file start_29.cif (mmCIF, C-alpha atoms and all ligand atoms)
data_final
#
loop_
_atom_site.label_atom_id
_atom_site.label_comp_id
_atom_site.auth_asym_id
_atom_site.auth_seq_id
_atom_site.Cartn_x
_atom_site.Cartn_y
_atom_site.Cartn_z
CA MET A 1 14.12 -4.64 -22.27
CA ALA A 2 15.01 -4.05 -25.94
CA PRO A 3 12.89 -0.90 -26.61
CA PHE A 4 14.44 0.95 -23.65
CA SER A 5 17.34 3.41 -23.83
CA PRO A 6 20.77 2.25 -22.57
CA GLY A 7 20.27 4.39 -19.42
CA VAL A 8 16.92 2.77 -18.62
CA ARG A 9 18.35 -0.67 -19.36
CA SER A 10 21.21 -0.12 -16.95
CA PHE A 11 18.70 1.10 -14.29
CA PHE A 12 17.00 -2.31 -14.49
CA HIS A 13 20.26 -4.27 -14.64
CA VAL A 14 21.09 -3.18 -11.09
CA PHE A 15 17.51 -2.79 -9.88
CA ARG A 16 17.35 -5.96 -7.77
CA SER A 17 20.55 -5.29 -5.86
CA ARG A 18 19.62 -1.72 -4.92
CA PRO A 19 17.83 -1.07 -1.62
CA LYS A 20 14.29 0.04 -2.27
CA ALA A 21 11.27 1.28 -0.34
CA GLU A 22 7.58 0.52 -0.62
CA LEU A 23 4.94 2.64 1.11
CA HIS A 24 1.66 0.98 0.15
CA LEU A 25 1.18 -2.68 0.99
CA HIS A 26 -1.72 -4.52 2.65
CA LEU A 27 -0.77 -7.38 4.92
CA GLU A 28 -3.52 -9.83 3.92
CA GLY A 29 -2.99 -8.88 0.27
CA ALA A 30 0.62 -10.07 0.54
CA ILE A 31 -0.40 -13.70 1.14
CA ALA A 32 1.25 -16.10 -1.32
CA PRO A 33 -1.33 -18.16 -3.26
CA ALA A 34 0.23 -21.41 -1.95
CA THR A 35 -0.21 -20.22 1.65
CA LEU A 36 -3.79 -19.24 0.93
CA VAL A 37 -4.58 -22.71 -0.41
CA ARG A 38 -2.81 -24.39 2.54
CA LEU A 39 -4.79 -22.35 5.07
CA ALA A 40 -8.08 -22.74 3.19
CA ARG A 41 -7.77 -26.52 2.92
CA ARG A 42 -8.19 -26.90 6.67
CA PHE A 43 -11.91 -26.32 6.26
CA ARG A 44 -14.48 -28.83 5.12
CA GLU A 45 -15.52 -26.73 2.15
CA PRO A 46 -12.47 -24.64 1.33
CA ILE A 47 -13.06 -21.34 -0.47
CA PHE A 48 -9.72 -21.83 -2.24
CA PRO A 49 -9.27 -25.60 -2.74
CA ASP A 50 -6.38 -25.20 -5.21
CA LEU A 51 -4.21 -22.68 -7.03
CA ALA A 52 -6.58 -22.62 -9.99
CA SER A 53 -9.36 -21.34 -7.73
CA VAL A 54 -7.10 -18.51 -6.55
CA ARG A 55 -6.18 -17.66 -10.13
CA ALA A 56 -9.86 -17.53 -11.08
CA ARG A 57 -10.58 -15.02 -8.30
CA GLN A 58 -7.57 -12.90 -9.32
CA ARG A 59 -9.41 -12.04 -12.53
CA VAL A 60 -11.69 -9.57 -10.79
CA GLY A 61 -14.59 -7.97 -12.64
CA ASP A 62 -14.91 -4.80 -10.58
CA PHE A 63 -14.21 -3.35 -7.15
CA ARG A 64 -17.03 -5.20 -5.38
CA ASP A 65 -15.62 -8.40 -6.80
CA PHE A 66 -12.18 -7.44 -5.50
CA LEU A 67 -13.52 -6.62 -2.02
CA ALA A 68 -15.33 -9.99 -1.93
CA PHE A 69 -12.05 -11.71 -2.92
CA TYR A 70 -10.21 -9.83 -0.17
CA ARG A 71 -12.90 -10.74 2.36
CA ASP A 72 -12.66 -14.42 1.43
CA VAL A 73 -8.87 -14.30 1.84
CA CYS A 74 -9.35 -12.86 5.35
CA ARG A 75 -11.86 -15.60 6.18
CA CYS A 76 -9.08 -18.18 5.78
CA LEU A 77 -7.05 -16.56 8.59
CA LYS A 78 -8.12 -18.14 11.86
CA THR A 79 -5.22 -17.83 14.30
CA PRO A 80 -2.31 -15.48 15.10
CA ALA A 81 -0.07 -18.18 13.56
CA ASP A 82 -1.96 -17.75 10.27
CA TYR A 83 -1.23 -14.03 10.37
CA ALA A 84 2.42 -14.84 11.07
CA ALA A 85 2.44 -17.07 7.96
CA VAL A 86 1.15 -14.15 5.87
CA ALA A 87 3.76 -11.82 7.40
CA ARG A 88 6.46 -14.36 6.51
CA ASP A 89 5.23 -14.37 2.89
CA LEU A 90 5.44 -10.59 2.98
CA VAL A 91 8.99 -10.34 4.34
CA ARG A 92 10.16 -13.14 2.06
CA ARG A 93 9.11 -11.04 -0.90
CA LEU A 94 10.71 -7.93 0.61
CA SER A 95 13.97 -9.87 0.94
CA ARG A 96 13.72 -11.26 -2.60
CA GLU A 97 13.29 -7.77 -4.03
CA ASN A 98 15.75 -6.14 -1.64
CA ILE A 99 13.16 -3.80 -0.18
CA ALA A 100 14.82 -2.21 2.83
CA TYR A 101 11.91 -0.11 3.99
CA ALA A 102 8.23 -1.02 3.88
CA GLU A 103 5.08 0.56 5.25
CA VAL A 104 2.42 -2.10 5.70
CA TYR A 105 -1.30 -1.62 6.36
CA VAL A 106 -2.44 -3.88 9.19
CA SER A 107 -6.13 -3.82 9.97
CA PRO A 108 -7.24 -4.48 13.57
CA ALA A 109 -10.77 -3.85 12.28
CA VAL A 110 -10.50 -6.89 10.00
CA ILE A 111 -8.70 -8.95 12.64
CA GLU A 112 -11.44 -8.38 15.21
CA ARG A 113 -14.17 -9.01 12.67
CA ILE A 114 -12.78 -12.45 11.90
CA GLY A 115 -12.87 -13.16 15.63
CA LEU A 116 -9.18 -12.84 16.47
CA ASP A 117 -7.60 -11.12 19.41
CA TRP A 118 -5.65 -8.03 18.32
CA ALA A 119 -2.95 -8.40 20.99
CA GLY A 120 -2.22 -12.01 19.93
CA VAL A 121 -1.96 -11.15 16.24
CA ARG A 122 0.13 -8.08 16.93
CA SER A 123 2.65 -10.06 18.95
CA ALA A 124 2.87 -12.76 16.21
CA LEU A 125 3.49 -10.05 13.60
CA GLU A 126 6.06 -8.28 15.76
CA GLN A 127 8.15 -11.46 15.97
CA VAL A 128 8.21 -11.89 12.19
CA PHE A 129 9.03 -8.23 11.52
CA ARG A 130 11.75 -8.21 14.17
CA ARG A 131 13.40 -11.29 12.70
CA PHE A 132 13.32 -9.63 9.25
CA GLU A 133 14.96 -6.46 10.56
CA ASN A 134 17.42 -8.17 12.89
CA GLY A 135 20.01 -5.38 12.92
CA SER A 136 20.15 -5.34 9.09
CA GLY A 137 19.01 -1.73 8.77
CA ARG A 138 15.81 -3.01 7.12
CA ARG A 139 12.63 -1.62 8.56
CA VAL A 140 8.91 -2.35 8.58
CA VAL A 141 6.55 0.40 9.72
CA VAL A 142 2.93 -0.55 10.43
CA LEU A 143 0.04 1.63 9.30
CA LEU A 144 -3.12 0.83 11.22
CA ASP A 145 -6.13 0.79 8.99
CA SER A 146 -9.89 0.60 8.90
CA ALA A 147 -12.35 0.34 6.02
CA ARG A 148 -14.32 3.37 4.94
CA GLN A 149 -17.53 1.42 4.57
CA TRP A 150 -17.45 0.57 8.28
CA GLY A 151 -17.66 4.26 9.16
CA PRO A 152 -16.05 6.45 11.83
CA ASP A 153 -16.99 4.17 14.77
CA ALA A 154 -14.90 1.28 13.45
CA ALA A 155 -12.01 3.70 12.84
CA HIS A 156 -12.29 5.00 16.42
CA ARG A 157 -12.26 1.41 17.69
CA VAL A 158 -8.87 0.91 15.95
CA LEU A 159 -7.58 4.07 17.60
CA ASP A 160 -8.96 2.90 20.98
CA LEU A 161 -6.90 -0.29 20.63
CA HIS A 162 -3.80 1.70 19.78
CA GLU A 163 -4.33 4.24 22.53
CA ALA A 164 -4.87 1.53 25.16
CA SER A 165 -1.63 -0.19 24.22
CA PRO A 166 0.50 1.67 21.66
CA TRP A 167 2.60 -0.50 19.35
CA PRO A 168 5.86 1.38 18.75
CA ARG A 169 6.07 -0.04 15.23
CA VAL A 170 2.97 1.94 14.20
CA GLY A 171 3.65 5.16 12.29
CA GLY A 172 0.31 6.06 10.77
CA PHE A 173 -3.38 5.41 10.37
CA GLY A 174 -5.16 5.00 7.04
CA LEU A 175 -8.53 4.28 5.51
CA GLY A 176 -8.96 1.75 2.71
CA GLY A 177 -11.91 -0.24 1.41
CA ASP A 178 -14.89 1.16 -0.47
CA GLU A 179 -14.06 4.76 -1.28
CA SER A 180 -17.54 5.57 -2.53
CA SER A 181 -19.25 4.43 0.69
CA VAL A 182 -18.75 7.20 3.30
CA PRO A 183 -17.60 10.76 2.46
CA ALA A 184 -14.23 11.98 3.74
CA ARG A 185 -15.82 14.71 5.88
CA GLU A 186 -17.41 12.07 8.12
CA PHE A 187 -13.92 11.09 9.27
CA ARG A 188 -12.78 14.59 10.28
CA GLN A 189 -12.84 13.82 14.00
CA VAL A 190 -11.14 10.48 13.45
CA PHE A 191 -8.29 12.23 11.63
CA ASP A 192 -8.03 14.93 14.32
CA ARG A 193 -7.61 12.13 16.83
CA VAL A 194 -5.03 10.43 14.58
CA ARG A 195 -2.95 13.62 14.70
CA ARG A 196 -3.38 13.96 18.46
CA LEU A 197 -2.01 10.43 18.80
CA SER A 198 1.05 11.52 16.77
CA LEU A 199 0.16 9.17 13.93
CA ALA A 200 0.47 10.16 10.29
CA PRO A 201 -2.96 10.46 8.61
CA LEU A 202 -3.30 8.56 5.32
CA ILE A 203 -6.22 7.72 3.06
CA HIS A 204 -7.10 5.72 -0.04
CA ALA A 205 -8.68 8.11 -2.55
CA GLY A 206 -8.83 8.57 -6.31
CA GLU A 207 -8.97 4.84 -6.93
CA TRP A 208 -12.67 3.89 -7.00
CA ALA A 209 -13.90 7.47 -7.12
CA GLY A 210 -12.69 10.36 -9.25
CA ALA A 211 -10.67 13.53 -8.76
CA GLU A 212 -13.40 15.03 -6.55
CA SER A 213 -12.68 12.31 -3.98
CA VAL A 214 -8.98 13.30 -3.93
CA ALA A 215 -9.99 16.96 -3.53
CA ALA A 216 -12.35 16.07 -0.64
CA ALA A 217 -9.66 13.99 1.10
CA LEU A 218 -7.17 16.88 0.83
CA GLU A 219 -9.66 19.46 1.99
CA GLU A 220 -11.33 17.56 4.83
CA LEU A 221 -8.59 15.32 6.20
CA LYS A 222 -5.23 16.82 5.21
CA PRO A 223 -3.44 13.49 4.79
CA VAL A 224 0.36 13.34 4.66
CA ARG A 225 0.08 11.05 1.63
CA ILE A 226 -2.69 9.59 -0.51
CA ALA A 227 -2.87 5.90 -1.40
CA HIS A 228 -3.49 5.63 -5.17
CA GLY A 229 -4.90 9.04 -6.08
CA PHE A 230 -4.23 8.38 -9.77
CA ARG A 231 -7.70 9.60 -10.76
CA ALA A 232 -6.67 13.11 -9.72
CA ALA A 233 -5.44 13.19 -13.32
CA GLU A 234 -9.08 13.52 -14.42
CA ASP A 235 -9.11 17.15 -13.19
CA PRO A 236 -6.16 19.46 -13.88
CA SER A 237 -7.13 21.69 -10.93
CA VAL A 238 -6.74 18.74 -8.53
CA VAL A 239 -3.37 17.88 -10.08
CA THR A 240 -2.25 21.47 -9.56
CA ARG A 241 -3.47 21.30 -5.96
CA LEU A 242 -1.56 18.09 -5.28
CA ALA A 243 1.57 19.60 -6.76
CA ARG A 244 1.17 22.80 -4.76
CA LEU A 245 0.52 21.00 -1.48
CA GLN A 246 3.27 18.49 -2.32
CA THR A 247 1.12 15.64 -0.98
CA PRO A 248 2.69 12.42 -2.29
CA LEU A 249 0.74 9.70 -4.06
CA ASP A 250 1.55 6.06 -3.27
CA LEU A 251 0.79 4.70 -6.75
CA CYS A 252 0.26 1.05 -7.69
CA PRO A 253 -0.34 0.74 -11.46
CA THR A 254 -0.50 -3.08 -11.51
CA SER A 255 -3.20 -3.07 -8.84
CA ASN A 256 -5.20 -0.45 -10.72
CA VAL A 257 -5.18 -2.60 -13.85
CA ALA A 258 -5.88 -5.83 -11.92
CA THR A 259 -8.88 -4.42 -10.02
CA ARG A 260 -10.10 -2.53 -13.11
CA ALA A 261 -9.98 0.77 -11.25
CA LEU A 262 -8.21 1.74 -14.49
CA PRO A 263 -10.49 0.68 -17.37
CA PRO A 264 -8.91 -1.95 -19.67
CA GLY A 265 -6.73 -0.44 -22.38
CA GLU A 266 -6.43 2.98 -20.70
CA ARG A 267 -3.03 4.55 -20.14
CA HIS A 268 -2.05 4.91 -16.47
CA PRO A 269 -1.39 8.61 -15.70
CA VAL A 270 1.61 8.03 -13.38
CA LEU A 271 4.09 9.68 -15.74
CA GLU A 272 1.83 12.64 -16.47
CA LEU A 273 1.33 13.20 -12.72
CA LEU A 274 5.07 13.05 -12.14
CA ARG A 275 5.75 15.52 -14.95
CA ALA A 276 3.10 17.87 -13.55
CA GLY A 277 5.19 18.12 -10.36
CA VAL A 278 3.15 15.69 -8.24
CA ARG A 279 5.20 13.65 -5.78
CA VAL A 280 4.99 10.01 -6.71
CA SER A 281 6.34 6.72 -5.40
CA LEU A 282 5.53 3.18 -6.55
CA SER A 283 4.25 0.19 -4.58
CA THR A 284 2.56 -3.17 -5.16
CA ASP A 285 -0.56 -2.76 -2.94
CA ASP A 286 -1.57 -6.47 -2.75
CA PRO A 287 1.41 -8.35 -4.22
CA GLY A 288 0.13 -11.83 -3.27
CA LEU A 289 -3.25 -11.28 -4.88
CA PHE A 290 -2.02 -9.53 -8.03
CA ARG A 291 1.29 -11.43 -8.35
CA SER A 292 2.95 -8.02 -8.63
CA THR A 293 6.55 -7.02 -7.94
CA LEU A 294 8.13 -3.62 -7.45
CA ARG A 295 10.26 -4.33 -10.53
CA ALA A 296 7.08 -4.78 -12.59
CA GLU A 297 5.76 -1.43 -11.33
CA PHE A 298 8.96 0.31 -12.43
CA LEU A 299 8.95 -1.55 -15.76
CA GLU A 300 5.45 -0.20 -16.37
CA LEU A 301 6.66 3.34 -15.64
CA ALA A 302 9.51 2.82 -18.12
CA ARG A 303 7.13 1.37 -20.69
CA LEU A 304 5.01 4.52 -20.36
CA GLY A 305 8.09 6.54 -21.37
CA ALA A 306 9.91 7.51 -18.14
CA THR A 307 13.56 8.46 -18.51
CA ARG A 308 16.29 7.04 -16.33
CA ARG A 309 16.31 10.27 -14.33
CA GLU A 310 12.60 9.97 -13.68
CA LEU A 311 12.93 6.32 -12.64
CA GLU A 312 15.74 7.29 -10.25
CA ALA A 313 13.63 10.11 -8.78
CA VAL A 314 10.67 7.79 -8.15
CA LEU A 315 12.95 5.18 -6.59
CA SER A 316 14.40 7.78 -4.20
CA ASN A 317 10.93 9.06 -3.41
CA GLY A 318 10.05 5.74 -1.76
CA PHE A 319 12.58 6.56 0.98
CA ALA A 320 12.03 10.30 0.99
CA PHE A 321 8.27 10.07 1.54
CA GLY A 322 8.43 7.31 4.16
CA LEU A 323 7.34 8.18 7.68
CA ARG A 324 10.57 7.06 9.33
CA PRO A 325 14.22 7.50 8.43
CA VAL A 326 16.22 4.44 7.36
CA ARG A 327 19.92 3.82 7.58
CA ARG A 328 20.42 2.24 4.15
CA ARG A 329 19.30 4.67 1.52
CA VAL A 330 19.31 4.64 -2.23
CA PRO A 331 22.45 6.60 -3.17
CA ALA A 332 21.39 10.22 -2.99
CA ARG A 333 20.03 11.86 -6.04
CA ARG A 334 17.37 14.50 -5.78
CA PRO A 335 15.03 12.75 -3.31
CA ARG A 336 11.79 13.96 -4.82
CA GLY A 337 9.76 14.53 -7.99
CA ILE A 338 11.06 16.47 -10.91
CA SER A 339 10.75 20.05 -9.71
CA GLY A 340 9.81 22.05 -6.64
CA PRO A 341 10.97 22.48 -3.04
CA PRO A 342 12.32 19.70 -0.79
CA PRO A 343 9.90 17.36 1.01
CA ARG A 344 7.77 18.80 3.78
CA ARG A 345 7.98 16.63 6.89
N1 LIG A 401 -7.47 -2.97 0.67
C1 LIG A 401 -6.63 -3.80 0.06
N2 LIG A 401 -6.41 -3.43 -1.22
C2 LIG A 401 -7.16 -2.32 -1.42
C3 LIG A 401 -7.39 -1.47 -2.52
N3 LIG A 401 -6.79 -1.66 -3.72
N4 LIG A 401 -8.23 -0.42 -2.36
C4 LIG A 401 -8.84 -0.21 -1.18
N5 LIG A 401 -8.67 -0.99 -0.12
C5 LIG A 401 -7.84 -2.03 -0.23
ZN ZN A 402 -4.18 -0.05 -0.96
#

call {"tool": "encode", "arguments": {"input": "start_29.cif", "output": "structure tokens"}}
result
Amino acid sequence: MAPFSPGVRSFFHVFRSRPKAELHLHLEGAIAPATLVRLARRFREPIFPDLASVRARQRVGDFRDFLAFYRDVCRCLKTPADYAAVARDLVRRLSRENIAYAEVYVSPAVIERIGLDWAGVRSALEQVFRRFENGSGRRVVVLLDSARQWGPDAAHRVLDLHEASPWPRVGGFGLGGDESSVPAREFRQVFDRVRRLSLAPLIHAGEWAGAESVAAALEELKPVRIAHGFRAAEDPSVVTRLARLQTPLDLCPTSNVATRALPPGERHPVLELLRAGVRVSLSTDDPGLFRSTLRAEFLELARLGATRRELEAVLSNGFAFGLRPVRRRVPARRPRGISGPPPRR
């Protein structure tokens, strides 16, 4: 804390007690390592026999390594009760950090692939989220998600499930997974359908591929926000485009370092993007797998040189760029980036 200005220090002194919002979280990635070991130990040859084995996998070499880690985590989830245990880990962390609003990616595509019934898992999750909210003004919005590498058919299957039995908690649909696998244009019809279903279209881009992938996502799919997108910084014309369109980025610096999407030793461009007029909020992505906290994400932004005013703007942005309004808001400052018009809804 010592190298920070008094203003930045006082921002962090009250950080925990202030209501906060997080827009980019993956359910399975929120599993606590102890839960993962407990669930894994039920099998004869557990993938994660102890905490040391989890820690070893957290040191990922590259994105394929990370995806394999994520897949192995999912393999340990065998019942709706297991999913409920992960959701409890998630809301426990939200409570600990006083996060009043969270948007969480839940992947029926993964759930079906591991042989579970979507309706059963959904109802187990609903119970946990409802107990967390319980008239407190806190809110969890679900973002349905599929993996890019599974192509448009898998994405349509997720939308089929939603269309057959809409879950009111769902606010959007996103694509994660291997960004370099299937080009954005292949999902044009999926995203048209997403809009017809009144869901907000979202996509992971500019994480495992460069600025051109952000440009393609903007051009082909017109998302309301982009998950990550930090590699837009590689091309000033894409940064200008993001700023002009005012499409927010849900940035997760700790995740980018942990997965090596950001090469070791490189400076994360979050502050440069913010100062270029790009809308930015901060999230933890996979807090169970990376042992990340929202506080750590903001500390990183401060360490990169953000002023108190910039930290306040990014904190407010979490609420401002969320899909649904919340009752408890961060005390109003300018709910956006540093310059430009108010948020487009
Ligand atoms: N799913 C979970 N974490 C992810 C990440 N960092 N990138 C893409 N897909 C993901
Ligand atoms: Zn993500």

call {"tool": "closest_atom_pairs", "arguments": {"input": "start_29.cif", "of": "chain A", "to": "ligand LIG 401 (chain A)", "cutoff": "8 Å", "atoms": "all atoms listed in the file", "output": "JSON lines"}}
result
{"residue": "A:Leu25", "atom": "CA", "partner": "A:LIG401", "partner_atom": "N2", "distance": 7.9}
{"residue": "A:His26", "atom": "CA", "partner": "A:LIG401", "partner_atom": "C1", "distance": 5.6}
{"residue": "A:Glu28", "atom": "CA", "partner": "A:LIG401", "partner_atom": "C1", "distance": 7.8}
{"residue": "A:Gly29", "atom": "CA", "partner": "A:LIG401", "partner_atom": "C1", "distance": 6.3}
{"residue": "A:Leu67", "atom": "CA", "partner": "A:LIG401", "partner_atom": "C5", "distance": 7.5}
{"residue": "A:Tyr70", "atom": "CA", "partner": "A:LIG401", "partner_atom": "C1", "distance": 7.0}
{"residue": "A:Ala147", "atom": "CA", "partner": "A:LIG401", "partner_atom": "N5", "distance": 7.3}
{"residue": "A:Leu175", "atom": "CA", "partner": "A:LIG401", "partner_atom": "N5", "distance": 7.7}
{"residue": "A:Gly176", "atom": "CA", "partner": "A:LIG401", "partner_atom": "N5", "distance": 3.9}
{"residue": "A:Gly177", "atom": "CA", "partner": "A:LIG401", "partner_atom": "N5", "distance": 3.7}
{"residue": "A:Asp178", "atom": "CA", "partner": "A:LIG401", "partner_atom": "C4", "distance": 6.2}
{"residue": "A:Glu179", "atom": "CA", "partner": "A:LIG401", "partner_atom": "C4", "distance": 7.2}
{"residue": "A:His204", "atom": "CA", "partner": "A:LIG401", "partner_atom": "C4", "distance": 6.3}
{"residue": "A:Glu207", "atom": "CA", "partner": "A:LIG401", "partner_atom": "N4", "distance": 7.0}
{"residue": "A:Trp208", "atom": "CA", "partner": "A:LIG401", "partner_atom": "N4", "distance": 7.7}
{"residue": "A:Ser255", "atom": "CA", "partner": "A:LIG401", "partner_atom": "N3", "distance": 6.4}
{"residue": "A:Asn256", "atom": "CA", "partner": "A:LIG401", "partner_atom": "N3", "distance": 7.3}
{"residue": "A:Thr259", "atom": "CA", "partner": "A:LIG401", "partner_atom": "N3", "distance": 7.2}
{"residue": "A:Asp285", "atom": "CA", "partner": "A:LIG401", "partner_atom": "N2", "distance": 6.1}
{"residue": "A:Asp286", "atom": "CA", "partner": "A:LIG401", "partner_atom": "N2", "distance": 5.9}

call {"tool": "residues_around", "arguments": {"input": "start_29.cif", "residues": "A:Val280", "least_positions_apart": "5", "cutoff": "8 Å", "atoms": "all atoms listed in the file", "output": "PDB file with C-alpha atoms, keeping the file's coordinate frame"}}
result
ATOM      1  CA  PRO A 248       2.690  12.420  -2.290  1.00  0.00           C
ATOM      2  CA  LEU A 249       0.740   9.700  -4.060  1.00  0.00           C
ATOM      3  CA  ASP A 250       1.550   6.060  -3.270  1.00  0.00           C
ATOM      4  CA  LEU A 251       0.790   4.700  -6.750  1.00  0.00           C
ATOM      5  CA  VAL A 270       1.610   8.030 -13.380  1.00  0.00           C
ATOM      6  CA  LEU A 273       1.330  13.200 -12.720  1.00  0.00           C
ATOM      7  CA  LEU A 274       5.070  13.050 -12.140  1.00  0.00           C
ATOM      8  CA  VAL A 314      10.670   7.790  -8.150  1.00  0.00           C
ATOM      9  CA  ASN A 317      10.930   9.060  -3.410  1.00  0.00           C
ATOM     10  CA  GLY A 337       9.760  14.530  -7.990  1.00  0.00           C
TER      11      GLY A 337
END

call {"tool": "residues_around", "arguments": {"input": "start_29.cif", "residues": "stretch 77-80 of chain A", "least_positions_apart": "4", "cutoff": "10 Å", "atoms": "all atoms listed in the file", "output": "ChimeraX atom specification"}}
result
/A:28,36,39-40,72-73,84-86,111,114-125

call {"tool": "closest_residue", "arguments": {"input": "start_29.cif", "among": "A:Val278, A:Ala216, A:Val182, A:Leu199", "to": "A:Leu245", "atoms": "all atoms listed in the file"}}
result
A:Val278

call {"tool": "closest_residue", "arguments": {"input": "start_29.cif", "among": "A:Phe69, A:Pro223, A:Pro183, A:Ala217", "to": "A:Arg195", "atoms": "all atoms listed in the file"}}
result
A:Pro223

call {"tool": "atom_distance", "arguments": {"input": "start_29.cif", "atom1": "atom CA of A:Ala261", "atom2": "atom CA of A:Asp62"}}
result
7.5 Å

call {"tool": "atom_distance", "arguments": {"input": "start_29.cif", "atom1": "atom CA of A:Phe321", "atom2": "atom CA of A:Ala100"}}
result
14.0 Å

call {"tool": "closest_residue", "arguments": {"input": "start_29.cif", "among": "A:Val128, A:Val224, A:Arg55, A:Lys20", "to": "A:Ala34", "atoms": "all atoms listed in the file"}}
result
A:Arg55

call {"tool": "decode", "arguments": {"input": "start_29.cif", "residues": "stretch 106-119 of chain A", "atoms": "C-alpha atoms", "output": "PDB file, in the first residue's frame"}}
result
ATOM      1  CA  VAL A 106     -23.182 -21.155 -16.705  1.00  0.00           C
ATOM      2  CA  SER A 107     -22.608 -23.652 -19.465  1.00  0.00           C
ATOM      3  CA  PRO A 108     -25.410 -26.115 -20.306  1.00  0.00           C
ATOM      4  CA  ALA A 109     -23.084 -27.357 -23.067  1.00  0.00           C
ATOM      5  CA  VAL A 110     -20.551 -28.484 -20.444  1.00  0.00           C
ATOM      6  CA  ILE A 111     -23.256 -29.800 -18.125  1.00  0.00           C
ATOM      7  CA  GLU A 112     -24.752 -32.020 -20.824  1.00  0.00           C
ATOM      8  CA  ARG A 113     -21.335 -33.199 -21.961  1.00  0.00           C
ATOM      9  CA  ILE A 114     -20.526 -34.477 -18.493  1.00  0.00           C
ATOM     10  CA  GLY A 115     -23.798 -36.405 -18.595  1.00  0.00           C
ATOM     11  CA  LEU A 116     -25.923 -34.232 -16.316  1.00  0.00           C
ATOM     12  CA  ASP A 117     -29.488 -33.147 -16.791  1.00  0.00           C
ATOM     13  CA  TRP A 118     -29.715 -29.393 -17.396  1.00  0.00           C
ATOM     14  CA  ALA A 119     -33.056 -28.983 -15.600  1.00  0.00           C
TER      15      ALA A 119
END
